[in-house]
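Here's data-v7.tsv, which has TSV, N, CA and C atoms and all ligand atoms:
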chain	number	residue	atom	x	y	z
A	1233	MET	N	104.12	79.68	112.61
A	1233	MET	CA	104.74	80.88	112.01
A	1233	MET	C	103.74	81.57	111.09
A	1234	ALA	N	103.56	82.83	111.28
A	1234	ALA	CA	102.61	83.56	110.45
A	1234	ALA	C	103.16	83.71	109.02
A	1235	GLN	N	102.24	83.62	108.08
A	1235	GLN	CA	102.66	83.76	106.69
A	1235	GLN	C	102.91	85.23	106.38
A	1236	MET	N	104.05	85.50	105.78
A	1236	MET	CA	104.37	86.89	105.44
A	1236	MET	C	103.64	87.29	104.17
A	1237	PRO	N	103.13	88.51	104.12
A	1237	PRO	CA	102.51	88.98	102.88
A	1237	PRO	C	103.54	89.03	101.75
A	1238	GLN	N	103.02	88.81	100.55
A	1238	GLN	CA	103.88	88.95	99.38
A	1238	GLN	C	104.19	90.43	99.19
A	1239	LEU	N	105.47	90.78	99.29
A	1239	LEU	CA	105.85	92.18	99.15
A	1239	LEU	C	106.02	92.55	97.69
A	1240	LEU	N	105.49	93.70	97.34
A	1240	LEU	CA	105.62	94.19	95.97
A	1240	LEU	C	106.99	94.82	95.75
A	1241	GLN	N	107.51	94.63	94.58
A	1241	GLN	CA	108.75	95.31	94.18
A	1241	GLN	C	108.36	96.53	93.35
A	1242	TRP	N	108.41	97.67	93.99
A	1242	TRP	CA	108.05	98.92	93.30
A	1242	TRP	C	109.26	99.84	93.35
A	1243	ARG	N	110.31	99.43	92.67
A	1243	ARG	CA	111.53	100.21	92.72
A	1243	ARG	C	111.61	101.21	91.58
A	1244	ASP	N	110.80	101.00	90.56
A	1244	ASP	CA	110.88	101.89	89.41
A	1244	ASP	C	110.36	103.28	89.78
A	1245	SER	N	110.96	104.31	89.18
A	1245	SER	CA	110.64	105.68	89.58
A	1245	SER	C	109.20	106.07	89.26
A	1246	TYR	N	108.56	105.35	88.32
A	1246	TYR	CA	107.20	105.77	87.99
A	1246	TYR	C	106.20	105.41	89.09
A	1247	HIS	N	106.64	104.69	90.09
A	1247	HIS	CA	105.76	104.44	91.23
A	1247	HIS	C	105.73	105.61	92.20
A	1248	PHE	N	106.61	106.59	91.97
A	1248	PHE	CA	106.66	107.75	92.85
A	1248	PHE	C	106.32	109.00	92.03
A	1249	ASP	N	105.19	109.61	92.34
A	1249	ASP	CA	104.74	110.77	91.59
A	1249	ASP	C	105.25	112.04	92.25
A	1250	ARG	N	106.19	112.69	91.56
A	1250	ARG	CA	106.80	113.89	92.13
A	1250	ARG	C	105.85	115.09	92.12
A	1251	ARG	N	104.74	114.97	91.40
A	1251	ARG	CA	103.81	116.10	91.33
A	1251	ARG	C	103.05	116.29	92.63
A	1252	GLY	N	103.10	115.27	93.49
A	1252	GLY	CA	102.47	115.44	94.79
A	1252	GLY	C	101.62	114.25	95.20
A	1253	ASP	N	101.01	114.40	96.38
A	1253	ASP	CA	100.22	113.33	96.95
A	1253	ASP	C	98.79	113.34	96.41
A	1254	LEU	N	98.22	112.15	96.35
A	1254	LEU	CA	96.80	111.99	96.06
A	1254	LEU	C	96.23	111.02	97.09
A	1255	PRO	N	94.91	111.06	97.28
A	1255	PRO	CA	94.32	110.13	98.25
A	1255	PRO	C	94.49	108.68	97.80
A	1256	CYS	N	94.95	107.85	98.70
A	1256	CYS	CA	95.10	106.42	98.43
A	1256	CYS	C	93.74	105.82	98.07
A	1257	ALA	N	93.73	104.99	97.03
A	1257	ALA	CA	92.47	104.39	96.57
A	1257	ALA	C	91.90	103.42	97.61
A	1258	LEU	N	92.70	103.00	98.54
A	1258	LEU	CA	92.25	101.99	99.50
A	1258	LEU	C	91.96	102.57	100.88
A	1259	CYS	N	92.85	103.44	101.38
A	1259	CYS	CA	92.65	103.94	102.75
A	1259	CYS	C	92.31	105.43	102.79
A	1260	GLY	N	92.49	106.14	101.66
A	1260	GLY	CA	92.11	107.53	101.60
A	1260	GLY	C	93.17	108.49	102.09
A	1261	GLY	N	94.28	107.97	102.62
A	1261	GLY	CA	95.35	108.83	103.08
A	1261	GLY	C	96.21	109.31	101.91
A	1262	ASP	N	96.88	110.43	102.11
A	1262	ASP	CA	97.71	110.97	101.05
A	1262	ASP	C	98.89	110.06	100.76
A	1263	THR	N	99.19	109.89	99.49
A	1263	THR	CA	100.34	109.08	99.11
A	1263	THR	C	100.92	109.58	97.79
A	1264	PRO	N	102.25	109.59	97.69
A	1264	PRO	CA	102.88	109.89	96.40
A	1264	PRO	C	103.06	108.63	95.56
A	1265	MET	N	102.67	107.48	96.11
A	1265	MET	CA	102.90	106.23	95.39
A	1265	MET	C	101.81	105.99	94.34
A	1266	ARG	N	102.22	105.36	93.24
A	1266	ARG	CA	101.28	105.02	92.15
A	1266	ARG	C	101.47	103.57	91.75
A	1267	SER	N	100.34	102.94	91.43
A	1267	SER	CA	100.43	101.57	90.92
A	1267	SER	C	100.84	101.60	89.45
A	1268	HIS	N	100.96	100.43	88.84
A	1268	HIS	CA	101.30	100.35	87.42
A	1268	HIS	C	100.25	101.03	86.56
A	1269	GLN	N	99.02	101.07	87.06
A	1269	GLN	CA	97.93	101.68	86.31
A	1269	GLN	C	97.76	103.15	86.67
A	1270	GLY	N	98.68	103.69	87.45
A	1270	GLY	CA	98.60	105.09	87.82
A	1270	GLY	C	97.64	105.35	88.96
A	1271	GLU	N	97.21	104.32	89.61
A	1271	GLU	CA	96.27	104.46	90.72
A	1271	GLU	C	97.03	104.87	91.98
A	1272	PRO	N	96.63	105.96	92.63
A	1272	PRO	CA	97.31	106.34	93.87
A	1272	PRO	C	97.02	105.33	94.97
A	1273	VAL	N	98.04	104.78	95.52
A	1273	VAL	CA	97.85	103.76	96.56
A	1273	VAL	C	99.16	103.60	97.33
A	1274	HIS	N	99.03	103.44	98.65
A	1274	HIS	CA	100.22	103.10	99.43
A	1274	HIS	C	100.69	101.70	99.05
A	1275	LYS	N	101.98	101.52	99.05
A	1275	LYS	CA	102.50	100.19	98.75
A	1275	LYS	C	101.99	99.17	99.76
A	1276	VAL	N	101.97	99.54	101.04
A	1276	VAL	CA	101.50	98.58	102.05
A	1276	VAL	C	100.01	98.29	101.89
A	1277	CYS	N	99.24	99.29	101.44
A	1277	CYS	CA	97.81	99.06	101.19
A	1277	CYS	C	97.63	98.10	100.02
A	1278	ALA	N	98.43	98.28	98.98
A	1278	ALA	CA	98.36	97.40	97.82
A	1278	ALA	C	98.72	95.97	98.21
A	1279	GLU	N	99.72	95.84	99.06
A	1279	GLU	CA	100.12	94.50	99.50
A	1279	GLU	C	99.02	93.85	100.31
A	1280	ALA	N	98.37	94.64	101.16
A	1280	ALA	CA	97.26	94.11	101.96
A	1280	ALA	C	96.09	93.72	101.05
A	1281	TRP	N	95.85	94.55	100.01
A	1281	TRP	CA	94.76	94.25	99.08
A	1281	TRP	C	95.04	92.94	98.36
A	1282	ASN	N	96.28	92.76	97.94
A	1282	ASN	CA	96.66	91.53	97.25
A	1282	ASN	C	96.43	90.32	98.14
A	1283	GLU	N	96.70	90.48	99.43
A	1283	GLU	CA	96.49	89.37	100.36
A	1283	GLU	C	95.01	89.00	100.42
A	1284	ALA	N	94.16	90.02	100.34
A	1284	ALA	CA	92.72	89.80	100.45
A	1284	ALA	C	92.10	89.36	99.12
A	1285	HIS	N	92.81	89.57	98.02
A	1285	HIS	CA	92.29	89.24	96.69
A	1285	HIS	C	93.32	88.42	95.92
A	1286	PRO	N	93.57	87.21	96.35
A	1286	PRO	CA	94.61	86.41	95.67
A	1286	PRO	C	94.23	86.14	94.22
A	1287	GLY	N	95.22	86.27	93.36
A	1287	GLY	CA	94.99	85.94	91.95
A	1287	GLY	C	94.51	87.10	91.11
A	1288	GLU	N	94.19	88.25	91.73
A	1288	GLU	CA	93.74	89.39	90.94
A	1288	GLU	C	94.92	90.32	90.68
A	1289	PRO	N	95.14	90.66	89.42
A	1289	PRO	CA	96.36	91.40	89.05
A	1289	PRO	C	96.20	92.91	89.15
A	1290	ARG	N	95.53	93.38	90.19
A	1290	ARG	CA	95.35	94.83	90.31
A	1290	ARG	C	96.69	95.51	90.62
A	1291	PHE	N	97.44	94.93	91.54
A	1291	PHE	CA	98.74	95.49	91.91
A	1291	PHE	C	99.79	94.42	91.69
A	1292	VAL	N	100.75	94.71	90.88
A	1292	VAL	CA	101.79	93.73	90.56
A	1292	VAL	C	103.16	94.35	90.77
A	1293	SER	N	104.14	93.49	90.93
A	1293	SER	CA	105.51	93.95	91.10
A	1293	SER	C	106.11	94.33	89.75
A	1294	ASP	N	107.17	95.12	89.83
A	1294	ASP	CA	107.92	95.42	88.63
A	1294	ASP	C	108.44	94.14	88.01
A	1295	ALA	N	108.63	94.18	86.71
A	1295	ALA	CA	109.22	93.04	86.03
A	1295	ALA	C	110.61	92.78	86.60
A	1296	GLN	N	110.88	91.53	86.84
A	1296	GLN	CA	112.18	91.17	87.39
A	1296	GLN	C	113.22	91.16	86.28
A	1297	PRO	N	114.42	91.58	86.60
A	1297	PRO	CA	115.49	91.48	85.60
A	1297	PRO	C	115.72	90.02	85.23
A	1298	ARG	N	116.11	89.81	84.00
A	1298	ARG	CA	116.29	88.45	83.53
A	1298	ARG	C	117.35	87.72	84.35
A	1299	ARG	N	117.09	86.49	84.60
A	1299	ARG	CA	118.07	85.69	85.33
A	1299	ARG	C	119.34	85.57	84.51
A	1300	GLY	N	120.45	85.56	85.22
A	1300	GLY	CA	121.72	85.43	84.53
A	1300	GLY	C	122.44	86.77	84.45
A	1301	ASN	N	121.68	87.85	84.52
A	1301	ASN	CA	122.33	89.17	84.56
A	1301	ASN	C	122.97	89.37	85.93
A	1302	ASP	N	124.03	90.11	85.95
A	1302	ASP	CA	124.58	90.45	87.25
A	1302	ASP	C	123.80	91.64	87.81
A	1303	ARG	N	124.14	92.04	89.02
A	1303	ARG	CA	123.34	93.05	89.69
A	1303	ARG	C	123.83	94.45	89.35
A	1304	THR	N	123.62	94.82	88.12
A	1304	THR	CA	124.01	96.17	87.70
A	1304	THR	C	122.78	96.93	87.24
A	1305	VAL	N	121.68	96.72	87.93
A	1305	VAL	CA	120.44	97.41	87.60
A	1305	VAL	C	120.48	98.81	88.19
A	1306	HIS	N	120.28	99.78	87.34
A	1306	HIS	CA	120.27	101.16	87.81
A	1306	HIS	C	118.85	101.63	88.06
A	1307	ALA	N	118.65	102.31	89.15
A	1307	ALA	CA	117.31	102.76	89.50
A	1307	ALA	C	116.85	103.85	88.53
A	1401	ZN	ZN	96.65	103.58	101.75

Please lay out the structure from this file as structure tokens.
Ligand SMILES: [Zn+2]
Amino acid sequence: MAQMPQLLQWRDSYHFDRRGDLPCALCGGDTPMRSHQGEPVHKVCAEAWNEAHPGEPRFVSDAQPRRGNDRTVHA
């Protein structure tokens, strides 16, 4: 069974730049997505980068809600 890439959780609105697309830092294609550092990058490109660079915190998932809370997280 092939190992699935670790998927990033980028649900927060700041990952989507409404001002428009910028060239992805990894593939050069236009993307409205932004990393935590404001770097324009496709989410799938960031996930692929993470696979190739294990342990480097360039692209990270949103902070997870604390355990014990019910699922009333608003986007
Ligand atoms: Zn890309």

Within-8 Å residues of ligand ZN 1401 (chain A), basis all atoms listed in the file, as number ranges by chain:
A: 1255-1263, 1272-1278

What lies within 8 Å of His1268 in chain A using all atoms listed in the file, ignoring chain neighbours under 5 positions off, as number ranges by chain?
A: 1246-1247, 1290-1293

From chain A, collect each residue whose DSSP state is strand (DSSP E) and return the set as a ChimeraX atom specification.
/A:1254-1255,1262-1263

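The spacing separating CA of Ala1280 in chain A from CA of Asp1294 in chain A amounts to 17.1 Å.
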
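The shell of residues at most 6 Å from Pro1264 in chain A, with only N, CA and C atoms counted and near chain neighbours (fewer than 2 positions) removed, consists of His1247, Phe1248, Asp1249, Gly1252, Asp1253, Leu1254, Asp1262 and Arg1266 of chain A.
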
For those residues, write N, CA and C atoms to a file as an mmCIF file, in the frame of the given file.
data_model
loop_
_atom_site.group_PDB
_atom_site.id
_atom_site.type_symbol
_atom_site.label_atom_id
_atom_site.label_comp_id
_atom_site.auth_asym_id
_atom_site.auth_seq_id
_atom_site.Cartn_x
_atom_site.Cartn_y
_atom_site.Cartn_z
ATOM 1 N N HIS A 1247 106.640 104.690 90.090
ATOM 2 C CA HIS A 1247 105.760 104.440 91.230
ATOM 3 C C HIS A 1247 105.730 105.610 92.200
ATOM 4 N N PHE A 1248 106.610 106.590 91.970
ATOM 5 C CA PHE A 1248 106.660 107.750 92.850
ATOM 6 C C PHE A 1248 106.320 109.000 92.030
ATOM 7 N N ASP A 1249 105.190 109.610 92.340
ATOM 8 C CA ASP A 1249 104.740 110.770 91.590
ATOM 9 C C ASP A 1249 105.250 112.040 92.250
ATOM 10 N N GLY A 1252 103.100 115.270 93.490
ATOM 11 C CA GLY A 1252 102.470 115.440 94.790
ATOM 12 C C GLY A 1252 101.620 114.250 95.200
ATOM 13 N N ASP A 1253 101.010 114.400 96.380
ATOM 14 C CA ASP A 1253 100.220 113.330 96.950
ATOM 15 C C ASP A 1253 98.790 113.340 96.410
ATOM 16 N N LEU A 1254 98.220 112.150 96.350
ATOM 17 C CA LEU A 1254 96.800 111.990 96.060
ATOM 18 C C LEU A 1254 96.230 111.020 97.090
ATOM 19 N N ASP A 1262 96.880 110.430 102.110
ATOM 20 C CA ASP A 1262 97.710 110.970 101.050
ATOM 21 C C ASP A 1262 98.890 110.060 100.760
ATOM 22 N N ARG A 1266 102.220 105.360 93.240
ATOM 23 C CA ARG A 1266 101.280 105.020 92.150
ATOM 24 C C ARG A 1266 101.470 103.570 91.750
#

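Reported to one decimal place, the separation of CA of Gln1238 in chain A from CA of His1285 in chain A is 11.9 Å.
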
In Å to one decimal, how far is atom N of Pro1297 in chain A from atom C of Glu1279 in chain A?
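According to the coordinates, atom C of Glu1279 in chain A and atom N of Pro1297 in chain A are separated by 20.7 Å.
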